[in-house]
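Peer 1: Sharing target-v7.cif below, mmCIF, C-alpha atoms:
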```cif
data_structure
loop_
_atom_site.label_atom_id
_atom_site.label_comp_id
_atom_site.auth_asym_id
_atom_site.auth_seq_id
_atom_site.Cartn_x
_atom_site.Cartn_y
_atom_site.Cartn_z
CA MET A 1 0.00 0.00 0.00
CA GLU A 2 2.82 2.39 0.92
CA CYS A 3 4.69 1.59 -2.32
CA THR A 4 1.53 2.20 -4.36
CA TRP A 5 1.07 5.58 -2.64
CA LYS A 6 4.66 6.55 -3.33
CA LEU A 7 4.43 5.51 -7.01
CA SER A 8 1.24 7.56 -7.37
CA VAL A 9 2.81 10.61 -5.83
CA LEU A 10 5.96 10.15 -7.92
CA LEU A 11 3.85 10.06 -11.10
CA ILE A 12 2.01 13.22 -10.08
CA VAL A 13 5.26 14.99 -9.22
CA THR A 14 6.92 13.93 -12.48
CA ILE A 15 4.01 15.17 -14.57
CA SER A 16 3.88 18.41 -12.59
CA LEU A 17 7.63 19.11 -12.48
CA LEU A 18 7.67 21.32 -15.55
CA ALA A 19 4.70 23.25 -14.22
CA ALA A 20 6.40 23.59 -10.84
CA CYS A 21 9.57 24.90 -12.45
CA SER A 22 7.49 27.35 -14.49
CA ALA A 23 5.84 28.50 -11.28
CA LYS A 24 9.29 29.00 -9.76
CA SER A 25 10.25 31.20 -12.71
CA ALA A 26 6.99 33.10 -12.37
CA ALA A 27 7.78 33.67 -8.72
CA GLU A 28 10.79 35.71 -9.85
CA LEU A 29 8.38 38.31 -11.20
CA PRO A 30 6.95 41.00 -8.94
CA ARG A 31 3.69 39.97 -7.29
CA PHE A 32 1.17 42.56 -6.21
CA ASP A 33 -2.34 42.33 -4.98
CA ALA A 34 -4.31 44.83 -7.04
CA GLN A 35 -3.41 48.26 -5.73
CA PRO A 36 -5.65 51.31 -6.19
CA GLU A 37 -4.37 54.81 -5.64
CA LEU A 38 -3.16 54.95 -2.06
CA GLY A 39 -4.50 57.43 0.41
CA TYR A 40 -4.60 58.13 4.13
CA ALA A 41 -7.55 58.33 6.48
CA ASP A 42 -7.82 62.07 7.21
CA GLY A 43 -4.09 62.37 6.48
CA ALA A 44 -3.37 60.63 9.79
CA ALA A 45 -0.69 58.18 8.71
CA GLU A 46 1.23 60.73 6.67
CA THR A 47 1.06 63.39 9.38
CA ASN A 48 2.10 61.06 12.19
CA MET A 49 5.04 59.73 10.23
CA SER A 50 6.26 63.25 9.42
CA GLU A 51 6.07 64.28 13.07
CA ASP A 52 8.01 61.19 14.15
CA ARG A 53 10.79 61.88 11.68
CA VAL A 54 11.53 65.40 12.96
CA SER A 55 11.10 64.89 16.70
CA ALA A 56 14.19 63.54 18.44
CA PRO A 57 13.58 61.34 21.52
CA PRO A 58 14.60 62.34 25.02
CA ASP A 59 17.81 60.91 26.45
CA LEU A 60 16.92 57.91 28.61
CA PRO A 61 20.21 56.43 29.84
CA GLY A 62 20.31 53.09 31.57
CA THR A 63 17.59 51.35 29.53
CA PRO A 64 18.50 48.72 26.90
CA TYR A 65 16.19 50.18 24.26
CA PRO A 66 15.26 53.71 25.34
CA ASN A 67 13.26 54.44 22.18
CA ASP A 68 11.02 51.37 22.31
CA GLU A 69 7.81 53.34 22.76
CA MET A 70 8.64 55.80 19.96
CA LEU A 71 9.60 53.30 17.25
CA ARG A 72 7.11 50.97 15.60
CA LEU A 73 7.36 47.52 14.11
CA ASN A 74 7.12 48.77 10.52
CA GLN A 75 10.05 51.13 11.08
CA ILE A 76 12.61 48.31 10.76
CA GLN A 77 14.21 46.48 7.84
CA CYS A 78 15.36 42.89 8.41
CA LYS A 79 16.84 39.88 6.65
CA GLY A 80 14.97 36.63 6.09
CA THR A 81 15.44 33.33 4.30
CA HIS A 82 13.45 31.59 1.57
CA ASN A 83 12.43 27.97 2.28
CA SER A 84 14.36 28.25 5.52
CA TYR A 85 14.20 24.50 6.33
CA HIS A 86 15.54 23.34 2.93
CA GLN A 87 18.29 20.71 2.63
CA LEU A 88 19.95 19.29 -0.48
CA PRO A 89 17.77 16.65 -2.19
CA ASP A 90 18.99 13.07 -2.48
CA GLU A 91 19.02 13.29 -6.27
CA GLU A 92 19.64 16.23 -8.59
CA VAL A 93 16.25 16.83 -10.17
CA ALA A 94 15.94 20.59 -10.52
CA PRO A 95 19.06 22.79 -10.47
CA ASP A 96 17.38 25.50 -8.43
CA TRP A 97 16.76 22.99 -5.61
CA LEU A 98 20.50 22.57 -5.02
CA TYR A 99 20.83 24.65 -1.88
CA GLU A 100 20.52 24.11 1.84
CA HIS A 101 20.12 26.23 4.95
CA ALA A 102 21.58 25.93 8.43
CA PRO A 103 19.15 24.96 11.23
CA LEU A 104 16.65 27.69 12.05
CA ASP A 105 18.18 28.60 15.39
CA VAL A 106 21.63 28.88 13.80
CA GLN A 107 20.22 31.26 11.20
CA LEU A 108 18.86 33.44 13.98
CA GLU A 109 21.93 33.25 16.19
CA GLU A 110 24.79 33.45 13.70
CA PHE A 111 23.43 34.99 10.49
CA GLY A 112 21.13 37.71 11.85
CA VAL A 113 18.04 36.22 10.21
CA ARG A 114 14.77 37.56 11.62
CA GLN A 115 12.31 36.05 9.14
CA VAL A 116 11.89 32.39 8.22
CA GLU A 117 9.66 30.64 5.71
CA LEU A 118 8.14 27.20 6.27
CA ASP A 119 6.22 25.15 3.69
CA VAL A 120 3.58 23.00 5.37
CA HIS A 121 1.74 19.81 4.36
CA TRP A 122 -1.16 18.18 6.20
CA HIS A 123 -0.39 14.59 7.22
CA ALA A 124 -3.76 13.00 7.81
CA GLU A 125 -2.40 9.80 9.34
CA THR A 126 -0.78 11.64 12.26
CA SER A 127 -2.94 14.79 12.20
CA GLU A 128 0.04 17.09 12.07
CA PHE A 129 1.73 19.48 9.68
CA LEU A 130 4.97 18.37 8.06
CA VAL A 131 7.56 20.80 6.73
CA TYR A 132 9.26 20.14 3.39
CA HIS A 133 9.24 21.40 -0.20
CA VAL A 134 7.99 18.76 -2.67
CA PRO A 135 6.97 15.13 -1.98
CA ILE A 136 9.68 12.50 -2.57
CA LEU A 137 11.83 14.51 -4.99
CA ASP A 138 12.66 17.42 -2.67
CA ASP A 139 11.52 16.53 0.82
CA ASN A 140 14.71 16.82 2.89
CA THR A 141 14.32 19.25 5.75
CA SER A 142 16.19 20.45 8.82
CA CYS A 143 13.02 20.14 10.98
CA GLU A 144 10.30 17.66 10.08
CA THR A 145 7.16 19.04 11.72
CA LEU A 146 5.75 22.51 12.09
CA THR A 147 5.71 22.22 15.87
CA GLY A 148 9.31 21.01 15.81
CA CYS A 149 10.42 23.93 13.65
CA LEU A 150 8.58 26.42 15.83
CA ALA A 151 10.06 24.86 18.98
CA LEU A 152 13.56 25.67 17.65
CA LEU A 153 12.53 29.28 17.15
CA LYS A 154 10.86 29.45 20.56
CA THR A 155 13.90 28.03 22.37
CA TRP A 156 16.10 30.63 20.72
CA SER A 157 13.57 33.35 21.60
CA ASP A 158 13.46 32.30 25.24
CA SER A 159 17.23 32.68 25.47
CA HIS A 160 17.15 36.13 23.80
CA PRO A 161 14.25 37.87 25.58
CA GLY A 162 14.96 41.33 24.13
CA HIS A 163 14.96 40.32 20.47
CA GLN A 164 12.95 42.15 17.85
CA THR A 165 9.91 40.39 16.42
CA VAL A 166 10.70 37.24 14.43
CA PHE A 167 8.56 36.97 11.28
CA VAL A 168 7.42 33.43 10.47
CA PHE A 169 5.94 32.98 7.00
CA ILE A 170 3.91 29.78 6.63
CA GLU A 171 3.08 28.61 3.10
CA PRO A 172 0.45 25.89 2.50
CA LYS A 173 2.14 23.63 -0.07
CA ASP A 174 -0.38 20.90 -0.83
CA ASP A 175 -0.71 21.11 -4.62
CA LEU A 176 0.95 17.71 -5.08
CA ASP A 177 -0.24 16.15 -1.82
CA LEU A 178 -2.79 13.39 -1.31
CA HIS A 179 -4.38 15.40 1.50
CA THR A 180 -5.38 19.04 1.28
CA ILE A 181 -4.89 21.60 4.03
CA GLU A 182 -8.41 22.91 3.39
CA GLY A 183 -10.58 22.34 6.42
CA HIS A 184 -7.57 22.24 8.75
CA TYR A 185 -6.92 25.92 9.36
CA ASP A 186 -8.02 25.71 12.98
CA GLU A 187 -5.48 22.93 13.44
CA LEU A 188 -2.85 25.16 11.81
CA ASP A 189 -3.52 27.94 14.31
CA ALA A 190 -3.57 25.38 17.12
CA ALA A 191 -0.16 24.00 16.06
CA ILE A 192 1.28 27.50 16.32
CA LEU A 193 -0.30 28.13 19.72
CA ALA A 194 0.95 24.75 20.98
CA THR A 195 4.46 26.16 20.79
CA TRP A 196 4.07 29.94 20.96
CA PRO A 197 1.66 31.20 23.64
CA ARG A 198 -0.77 33.86 22.54
CA ASP A 199 0.93 36.57 24.58
CA ARG A 200 4.15 35.97 22.62
CA ILE A 201 2.46 36.50 19.24
CA VAL A 202 1.77 39.72 17.31
CA ALA A 203 -1.64 38.67 15.97
CA PRO A 204 -3.91 40.73 13.69
CA ALA A 205 -6.09 41.68 16.67
CA ASP A 206 -3.06 43.26 18.35
CA VAL A 207 -2.67 45.62 15.42
CA VAL A 208 -6.38 46.35 15.04
CA GLY A 209 -6.83 47.34 18.67
CA ASP A 210 -9.95 49.49 19.05
CA HIS A 211 -10.25 50.16 15.33
CA ILE A 212 -12.77 48.62 12.97
CA ASN A 213 -10.25 46.62 10.95
CA LEU A 214 -6.59 46.47 9.91
CA GLN A 215 -7.10 48.96 7.11
CA GLU A 216 -8.31 51.62 9.53
CA ALA A 217 -5.74 50.72 12.19
CA LEU A 218 -2.81 51.03 9.79
CA ALA A 219 -4.08 54.37 8.48
CA LYS A 220 -4.87 55.97 11.82
CA GLN A 221 -2.38 54.42 14.24
CA GLY A 222 0.10 52.12 12.54
CA TRP A 223 1.82 49.06 13.96
CA PRO A 224 2.49 48.38 17.64
CA THR A 225 5.71 49.74 19.09
CA LEU A 226 8.98 47.84 19.32
CA GLY A 227 8.49 47.71 23.07
CA GLU A 228 5.11 46.01 22.65
CA THR A 229 6.51 43.43 20.22
CA ARG A 230 9.86 42.43 21.72
CA GLY A 231 10.38 38.72 22.33
CA LYS A 232 7.43 37.86 20.09
CA ALA A 233 6.76 36.21 16.74
CA LEU A 234 4.50 37.43 13.95
CA PHE A 235 2.99 34.67 11.80
CA HIS A 236 1.99 35.30 8.20
CA LEU A 237 0.03 33.01 5.86
CA LEU A 238 1.94 33.07 2.58
CA ASP A 239 -0.92 32.65 0.10
CA SER A 240 -3.06 34.83 -2.14
CA GLY A 241 -5.59 32.24 -3.31
CA HIS A 242 -8.03 29.75 -1.89
CA HIS A 243 -6.07 29.11 1.31
CA ARG A 244 -6.21 32.79 2.18
CA ALA A 245 -9.93 32.94 1.36
CA ASN A 246 -10.68 29.87 3.47
CA TYR A 247 -8.50 31.09 6.34
CA LEU A 248 -10.45 34.36 6.40
CA GLY A 249 -13.67 32.31 6.48
CA PRO A 250 -17.23 33.32 5.57
CA GLU A 251 -17.01 36.39 7.80
CA VAL A 252 -13.84 37.50 5.96
CA SER A 253 -12.15 38.36 9.23
CA LEU A 254 -8.93 37.75 11.13
CA ALA A 255 -10.45 38.70 14.48
CA ASN A 256 -9.78 35.30 16.03
CA ARG A 257 -6.89 34.22 13.82
CA VAL A 258 -3.22 33.88 14.68
CA MET A 259 -1.74 34.75 11.29
CA HIS A 260 -1.68 37.86 9.14
CA VAL A 261 -2.40 37.51 5.42
CA ARG A 262 -1.42 39.17 2.17
CA GLY A 263 -3.40 42.18 1.13
CA GLY A 264 -2.87 45.86 0.36
CA PRO A 265 -4.82 49.07 0.90
CA GLU A 266 -7.86 47.81 -1.01
CA THR A 267 -8.53 45.11 1.62
CA PRO A 268 -9.83 45.69 5.16
CA TRP A 269 -7.84 42.67 6.42
CA GLY A 270 -4.52 43.00 4.57
CA SER A 271 -1.25 44.09 6.17
CA PHE A 272 1.52 42.49 4.04
CA VAL A 273 2.25 42.91 0.33
CA GLU A 274 4.55 40.58 -1.60
CA VAL A 275 6.86 42.04 -4.27
CA GLY A 276 9.19 39.25 -5.32
CA ASN A 277 11.59 41.36 -7.34
CA ALA A 278 11.63 45.03 -6.31
CA GLN A 279 13.55 46.22 -9.38
CA GLY A 280 11.51 48.88 -11.14
CA HIS A 281 8.96 48.95 -8.32
CA GLU A 282 10.78 51.02 -5.75
CA GLU A 283 8.24 53.85 -5.96
CA GLU A 284 5.26 51.55 -5.44
CA ILE A 285 6.95 49.90 -2.45
CA THR A 286 7.82 53.29 -0.98
CA THR A 287 4.18 54.36 -1.27
CA LEU A 288 3.01 51.18 0.44
CA ALA A 289 5.55 51.65 3.22
CA LYS A 290 4.38 55.22 3.80
CA ALA A 291 0.83 53.86 4.14
CA ASN A 292 2.11 51.53 6.90
CA TYR A 293 1.90 48.30 4.90
CA MET A 294 4.67 45.73 5.32
CA VAL A 295 6.44 44.71 2.10
CA ARG A 296 8.42 41.51 1.59
CA SER A 297 10.88 41.20 -1.30
CA THR A 298 13.73 38.87 -2.26
CA ALA A 299 17.38 39.81 -2.73
CA ASP A 300 18.46 36.88 -4.92
CA SER A 301 17.59 33.41 -6.16
CA THR A 302 19.12 29.97 -6.59
CA ASN A 303 17.38 29.62 -9.96
CA PRO A 304 20.26 29.11 -12.43
CA ASP A 305 18.28 30.89 -15.15
CA SER A 306 18.04 33.95 -12.95
CA PHE A 307 20.65 36.33 -11.64
CA VAL A 308 22.05 34.96 -8.41
CA ASN A 309 24.38 37.77 -7.46
CA ASN A 310 22.64 40.83 -8.82
CA PRO A 311 23.43 43.89 -6.70
CA ASP A 312 20.68 45.88 -8.43
CA ARG A 313 18.01 43.46 -7.25
CA ALA A 314 19.18 43.58 -3.65
CA ALA A 315 19.62 47.35 -3.82
CA ALA A 316 16.05 47.77 -5.08
CA ALA A 317 14.69 45.72 -2.17
CA LEU A 318 16.73 47.77 0.29
CA VAL A 319 15.07 51.01 -0.85
CA ALA A 320 11.85 50.43 1.08
CA SER A 321 10.99 46.74 1.67
CA HIS A 322 10.65 45.67 5.30
CA VAL A 323 11.52 41.97 5.06
CA ILE A 324 14.11 40.92 2.48
CA SER A 325 14.55 37.18 1.93
CA THR A 326 17.70 35.53 0.64
CA ASP A 327 18.98 32.06 -0.20
CA PHE A 328 22.46 33.12 0.92
CA PRO A 329 22.25 34.42 4.52
CA ASP A 330 25.65 33.18 5.76
CA PRO A 331 28.23 35.99 5.54
CA ASN A 332 31.00 33.39 5.89
CA ARG A 333 29.80 31.02 3.18
CA ALA A 334 32.17 29.73 0.55
CA GLY A 335 31.82 31.74 -2.62
CA ASP A 336 31.69 35.39 -3.45
CA TYR A 337 28.11 36.26 -2.48
CA SER A 338 25.93 36.55 0.60
CA PHE A 339 23.26 39.03 1.60
CA SER A 340 23.02 41.07 4.79
CA ILE A 341 21.30 44.28 5.79
CA PRO A 342 23.85 47.10 5.39
CA ASP A 343 24.92 48.43 8.79
CA GLY A 344 22.37 46.15 10.41
CA ALA A 345 22.85 44.90 13.93
CA PRO A 346 21.37 42.59 12.56
CA SER A 347 18.49 44.78 11.29
CA ARG A 348 18.45 48.49 10.59
CA CYS A 349 16.02 51.38 10.71
CA HIS A 350 13.67 51.45 7.74
CA PRO A 351 14.98 53.93 5.14
CA VAL A 352 11.54 55.46 4.52
CA THR A 353 9.37 55.12 7.62
CA ALA A 354 11.86 55.33 10.49
CA PRO A 355 12.66 58.71 12.06
CA GLU A 356 15.99 60.23 11.11
CA TRP A 357 17.36 59.81 14.63
CA CYS A 358 16.74 56.05 14.65
CA LYS A 359 19.80 53.83 15.01
CA ALA A 360 20.25 50.10 14.33
CA ALA A 361 21.04 49.66 18.03
CA ASP A 362 17.51 50.87 18.81
CA ILE A 363 16.14 47.74 17.16
CA GLU A 364 18.36 44.99 18.52
#
```
Would you put the structure from the file into structure tokens?

Peer 2:
Amino acid sequence: MECTWKLSVLLIVTISLLAACSAKSAAELPRFDAQPELGYADGAAETNMSEDRVSAPPDLPGTPYPNDEMLRLNQIQCKGTHNSYHQLPDEEVAPDWLYEHAPLDVQLEEFGVRQVELDVHWHAETSEFLVYHVPILDDNTSCETLTGCLALLKTWSDSHPGHQTVFVFIEPKDDLDLHTIEGHYDELDAAILATWPRDRIVAPADVVGDHINLQEALAKQGWPTLGETRGKALFHLLDSGHHRANYLGPEVSLANRVMHVRGGPETPWGSFVEVGNAQGHEEEITTLAKANYMVRSTADSTNPDSFVNNPDRAAAALVASHVISTDFPDPNRAGDYSFSIPDGAPSRCHPVTAPEWCKAADIE
């Protein structure tokens, strides 16, 4: 029975491999949710940001982060990794799968990574979420289950209580699976909460506060402060299709959800916008950042048909993106390329939204 299952999956994967590789190439292109002309509610976001940028904070000696209540979560720029769990496959099938990452806690501790990405699959037999890329052909991973991966992050967090928020992007990856993730979103939230307690999570409700929805909260108030978000994780559902729609549910709400979702100013529930390649889109990203939306871009790619070490791509992401993912986070790796946030410690103040007096040491 097990052999039959594996042969079936292998057939599906083989037939779908070209489509998967095409999807990988498509992922190199910028991805936007439809964006109308951006505006501010009564000019609040624009006015508040301008005031923050010209008002220097008082001198508060003796505190580790004296500006924690003046700086906000969207006023930082940090480094992340793509498919953060990924290990070399047993066989060379697709050239752009030939990369591997250090364990998650090593990425955080040694490479200054503050965003990780985990692909999840629902395993019906054990009622848990497994973490890997593609069944059989590319399923090697540094942590096998979602709870196991999150436990590594939580252990590191517990030993670094003053750290900035760690962003955890979770991507449902069940296109080639026998079992869909649909209908198991409550279990997905529960798996997160089994490792990270609610008071250590920056959930959508924490951003909404007393406002009607995220759209209004971002326009009128913005994100919580660094002080309110230290030692916490922010979880983000990396999907723009049916998984996002089903996660939002019939009420189209994140009121009781753990994860944020993709969506720009045209959505009442959106807070993150994905722009895979920022080149040529610096102005759009800057406008989104000024409207208090978080933008995630990538600095490079392992795709051999793409540009691996392209300083223009990384430079474009550094203009205004908040989270910049890389496949090469190790500054000591063999070879002539790695990506880090310039002058980051490990992160830096956001070039657009942070006040001029902000320093990398204010973040972490």

Peer 1: Work out how far atom CA of Met259 of chain A is from atom CA of Ile181 of chain A, in Å to one decimal.

Peer 2: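 So the two atoms, atom CA of Ile181 of chain A and atom CA of Met259 of chain A, lie 15.3 Å apart.
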
Peer 1: Written as a PyMOL selection string, which residues does the PyMOL selection byres ((chain A and resi 313) around 9) give for the file shown?

Peer 2: chain A and resi 277-279+298-300+307+309-312+314-318

Peer 1: Go ahead and write the residues just picked, C-alpha atoms, as a CSV table (one decimal), in the frame of the given file.

Peer 2:
```csv
chain,number,residue,atom,x,y,z
A,277,ASN,CA,11.6,41.4,-7.3
A,278,ALA,CA,11.6,45.0,-6.3
A,279,GLN,CA,13.6,46.2,-9.4
A,298,THR,CA,13.7,38.9,-2.3
A,299,ALA,CA,17.4,39.8,-2.7
A,300,ASP,CA,18.5,36.9,-4.9
A,307,PHE,CA,20.6,36.3,-11.6
A,309,ASN,CA,24.4,37.8,-7.5
A,310,ASN,CA,22.6,40.8,-8.8
A,311,PRO,CA,23.4,43.9,-6.7
A,312,ASP,CA,20.7,45.9,-8.4
A,314,ALA,CA,19.2,43.6,-3.6
A,315,ALA,CA,19.6,47.4,-3.8
A,316,ALA,CA,16.0,47.8,-5.1
A,317,ALA,CA,14.7,45.7,-2.2
A,318,LEU,CA,16.7,47.8,0.3
```

Peer 1: Quick one: of A:Asp96, A:Glu187, A:Thr141, A:Asn83, who's nearest to His123 of chain A, counting all atoms listed in the file?

Peer 2: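 Result for the nearest residue to His123 of chain A: A:Glu187.
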
Peer 1: Point out the residue among A:Ala102, A:Ile341, A:Leu108, A:Met70 with the least atom-to-atom distance to Ser157 of chain A, counting all atoms listed in the file.

Peer 2: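 Using all atoms listed in the file, Ser157 of chain A sits closest to A:Leu108.
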
Peer 1: Need to verify the contact set: Thr302 of chain A, 8 Å, only C-alpha atoms, exclusion of same-chain residues closer than 5 positions in sequence. Can you return it as a VMD selection string?

Peer 2: chain A and resid 96 to 99 308 327

Peer 1: To one decimal place, how far is atom CA of Ser325 of chain A from atom CA of Gly80 of chain A in Å?

Peer 2: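 Going from atom CA of Ser325 of chain A over to atom CA of Gly80 of chain A, I get 4.2 Å.
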
Peer 1: Go ahead and compute the interatomic distance for atom CA of Lys232 of chain A and atom CA of Thr165 of chain A, in Å to one decimal.

Peer 2: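 We find that atom CA of Lys232 of chain A and atom CA of Thr165 of chain A lie 5.1 Å from each other.
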
Peer 1: Quick one: which residues end up in the PyMOL selection byres ((chain A and resi 68) around 10) for this structure, as an mmCIF file with C-alpha atoms, in the frame of the given file?

Peer 2:
```cif
data_model
loop_
_atom_site.group_PDB
_atom_site.id
_atom_site.type_symbol
_atom_site.label_atom_id
_atom_site.label_comp_id
_atom_site.auth_asym_id
_atom_site.auth_seq_id
_atom_site.Cartn_x
_atom_site.Cartn_y
_atom_site.Cartn_z
ATOM 1 C CA THR A 63 17.590 51.350 29.530
ATOM 2 C CA PRO A 64 18.500 48.720 26.900
ATOM 3 C CA TYR A 65 16.190 50.180 24.260
ATOM 4 C CA PRO A 66 15.260 53.710 25.340
ATOM 5 C CA ASN A 67 13.260 54.440 22.180
ATOM 6 C CA GLU A 69 7.810 53.340 22.760
ATOM 7 C CA MET A 70 8.640 55.800 19.960
ATOM 8 C CA LEU A 71 9.600 53.300 17.250
ATOM 9 C CA ARG A 72 7.110 50.970 15.600
ATOM 10 C CA LEU A 73 7.360 47.520 14.110
ATOM 11 C CA THR A 225 5.710 49.740 19.090
ATOM 12 C CA LEU A 226 8.980 47.840 19.320
ATOM 13 C CA GLY A 227 8.490 47.710 23.070
ATOM 14 C CA GLU A 228 5.110 46.010 22.650
ATOM 15 C CA THR A 229 6.510 43.430 20.220
ATOM 16 C CA ARG A 230 9.860 42.430 21.720
ATOM 17 C CA ASP A 362 17.510 50.870 18.810
ATOM 18 C CA ILE A 363 16.140 47.740 17.160
#
```

Peer 1: Could you give me, as a ChimeraX atom specification, the residues that have an atom at most 6 Å away from the point (9.4, 49.9, 4.6) in the coordinates of the file, using only C-alpha atoms?

Peer 2: /A:289,320-322,350,352

Peer 1: For C-alpha atoms, I'd like the residues from the last selection saved as a PDB file, keeping the file's coordinate frame.

Peer 2:
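Here's the written file out.pdb:
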```pdb
ATOM      1  CA  ALA A 289       5.550  51.650   3.220  1.00  0.00           C
ATOM      2  CA  ALA A 320      11.850  50.430   1.080  1.00  0.00           C
ATOM      3  CA  SER A 321      10.990  46.740   1.670  1.00  0.00           C
ATOM      4  CA  HIS A 322      10.650  45.670   5.300  1.00  0.00           C
ATOM      5  CA  HIS A 350      13.670  51.450   7.740  1.00  0.00           C
ATOM      6  CA  VAL A 352      11.540  55.460   4.520  1.00  0.00           C
TER       7      VAL A 352
END
```

Peer 1: If you count all atoms listed in the file, which residues fall within 8 Å of segment 192-205 of chain A, apart from same-chain ones fewer than 6 positions away, as a PDB file with C-alpha atoms, in the coordinates of the input?

Peer 2:
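Result written to around.pdb:
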```
ATOM      1  CA  LEU A 146       5.750  22.510  12.090  1.00  0.00           C
ATOM      2  CA  THR A 147       5.710  22.220  15.870  1.00  0.00           C
ATOM      3  CA  LEU A 150       8.580  26.420  15.830  1.00  0.00           C
ATOM      4  CA  ALA A 151      10.060  24.860  18.980  1.00  0.00           C
ATOM      5  CA  LYS A 154      10.860  29.450  20.560  1.00  0.00           C
ATOM      6  CA  LEU A 214      -6.590  46.470   9.910  1.00  0.00           C
ATOM      7  CA  THR A 229       6.510  43.430  20.220  1.00  0.00           C
ATOM      8  CA  GLY A 231      10.380  38.720  22.330  1.00  0.00           C
ATOM      9  CA  LYS A 232       7.430  37.860  20.090  1.00  0.00           C
ATOM     10  CA  ALA A 233       6.760  36.210  16.740  1.00  0.00           C
ATOM     11  CA  LEU A 234       4.500  37.430  13.950  1.00  0.00           C
ATOM     12  CA  PHE A 235       2.990  34.670  11.800  1.00  0.00           C
ATOM     13  CA  LEU A 254      -8.930  37.750  11.130  1.00  0.00           C
ATOM     14  CA  ALA A 255     -10.450  38.700  14.480  1.00  0.00           C
ATOM     15  CA  ASN A 256      -9.780  35.300  16.030  1.00  0.00           C
ATOM     16  CA  ARG A 257      -6.890  34.220  13.820  1.00  0.00           C
ATOM     17  CA  VAL A 258      -3.220  33.880  14.680  1.00  0.00           C
ATOM     18  CA  MET A 259      -1.740  34.750  11.290  1.00  0.00           C
ATOM     19  CA  HIS A 260      -1.680  37.860   9.140  1.00  0.00           C
TER      20      HIS A 260
END
```

Peer 1: Which one is closest to Val134 of chain A: A:Ser240, A:Gln164, A:Gln87, A:Ser159? Count all atoms listed in the file.

Peer 2: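 Looking only at the distances to Val134 of chain A, the closest residue turns out to be A:Gln87.
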
Peer 1: For the provided coordinates, the residues matched by the PyMOL selection byres ((chain A and resi 132) around 9) should be stated as a PDB file with C-alpha atoms, in the frame of the given file.

Peer 2:
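Output below, filename expr.pdb:
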```pdb
ATOM      1  CA  ASN A  83      12.430  27.970   2.280  1.00  0.00           C
ATOM      2  CA  TYR A  85      14.200  24.500   6.330  1.00  0.00           C
ATOM      3  CA  HIS A  86      15.540  23.340   2.930  1.00  0.00           C
ATOM      4  CA  LEU A 118       8.140  27.200   6.270  1.00  0.00           C
ATOM      5  CA  ASP A 119       6.220  25.150   3.690  1.00  0.00           C
ATOM      6  CA  VAL A 120       3.580  23.000   5.370  1.00  0.00           C
ATOM      7  CA  HIS A 121       1.740  19.810   4.360  1.00  0.00           C
ATOM      8  CA  LEU A 130       4.970  18.370   8.060  1.00  0.00           C
ATOM      9  CA  VAL A 131       7.560  20.800   6.730  1.00  0.00           C
ATOM     10  CA  HIS A 133       9.240  21.400  -0.200  1.00  0.00           C
ATOM     11  CA  VAL A 134       7.990  18.760  -2.670  1.00  0.00           C
ATOM     12  CA  PRO A 135       6.970  15.130  -1.980  1.00  0.00           C
ATOM     13  CA  ASP A 138      12.660  17.420  -2.670  1.00  0.00           C
ATOM     14  CA  ASP A 139      11.520  16.530   0.820  1.00  0.00           C
ATOM     15  CA  ASN A 140      14.710  16.820   2.890  1.00  0.00           C
ATOM     16  CA  THR A 141      14.320  19.250   5.750  1.00  0.00           C
ATOM     17  CA  SER A 142      16.190  20.450   8.820  1.00  0.00           C
ATOM     18  CA  CYS A 143      13.020  20.140  10.980  1.00  0.00           C
ATOM     19  CA  GLU A 144      10.300  17.660  10.080  1.00  0.00           C
ATOM     20  CA  THR A 145       7.160  19.040  11.720  1.00  0.00           C
ATOM     21  CA  LYS A 173       2.140  23.630  -0.070  1.00  0.00           C
TER      22      LYS A 173
END
```

Peer 1: Which is closer to Ala94 of chain A than all the others in A:Val208, A:Leu238, A:Ala124, A:Leu137, using all atoms listed in the file?

Peer 2: A:Leu137

Peer 1: Could you tell me which of A:Val168, A:Ile212, A:Ile136, A:Val319 comes closest to Ser253 of chain A if we count all atoms listed in the file?

Peer 2: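 Using all atoms listed in the file, the shortest distance to Ser253 of chain A belongs to A:Ile212.
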
Peer 1: Could you put an axis-aligned box around every listed atom of segment 258-270 of chain A, padded by 6 Å on each side, and send me its centre and edge lengths in Å to one decimal, as AutoDock Vina command-line options?

Peer 2:
```
--center_x -5.6 --center_y 41.5 --center_z 6.8 --size_x 20.4 --size_y 27.2 --size_z 27.7
```

Peer 1: Compare A:Gln75, A:Val323, A:Tyr337, A:Gly249 by their minimum atom-to-atom distance to Cys349 of chain A, counting only C-alpha atoms, and give me the closest one.

Peer 2: A:Gln75

Peer 1: Check which residues of segment 68-182 of chain A sit at most 12 Å from segment 270-273 of chain A using all atoms listed in the file, and return one row each with the closest pair of atoms and their distance in Å to one decimal, ordered by chain and rising number, as CSV.

Peer 2:
```
residue,atom,partner,partner_atom,distance
A:Asn74,CA,A:Ser271,CA,10.5
A:Phe167,CA,A:Phe272,CA,11.5
A:Phe169,CA,A:Phe272,CA,10.9
```
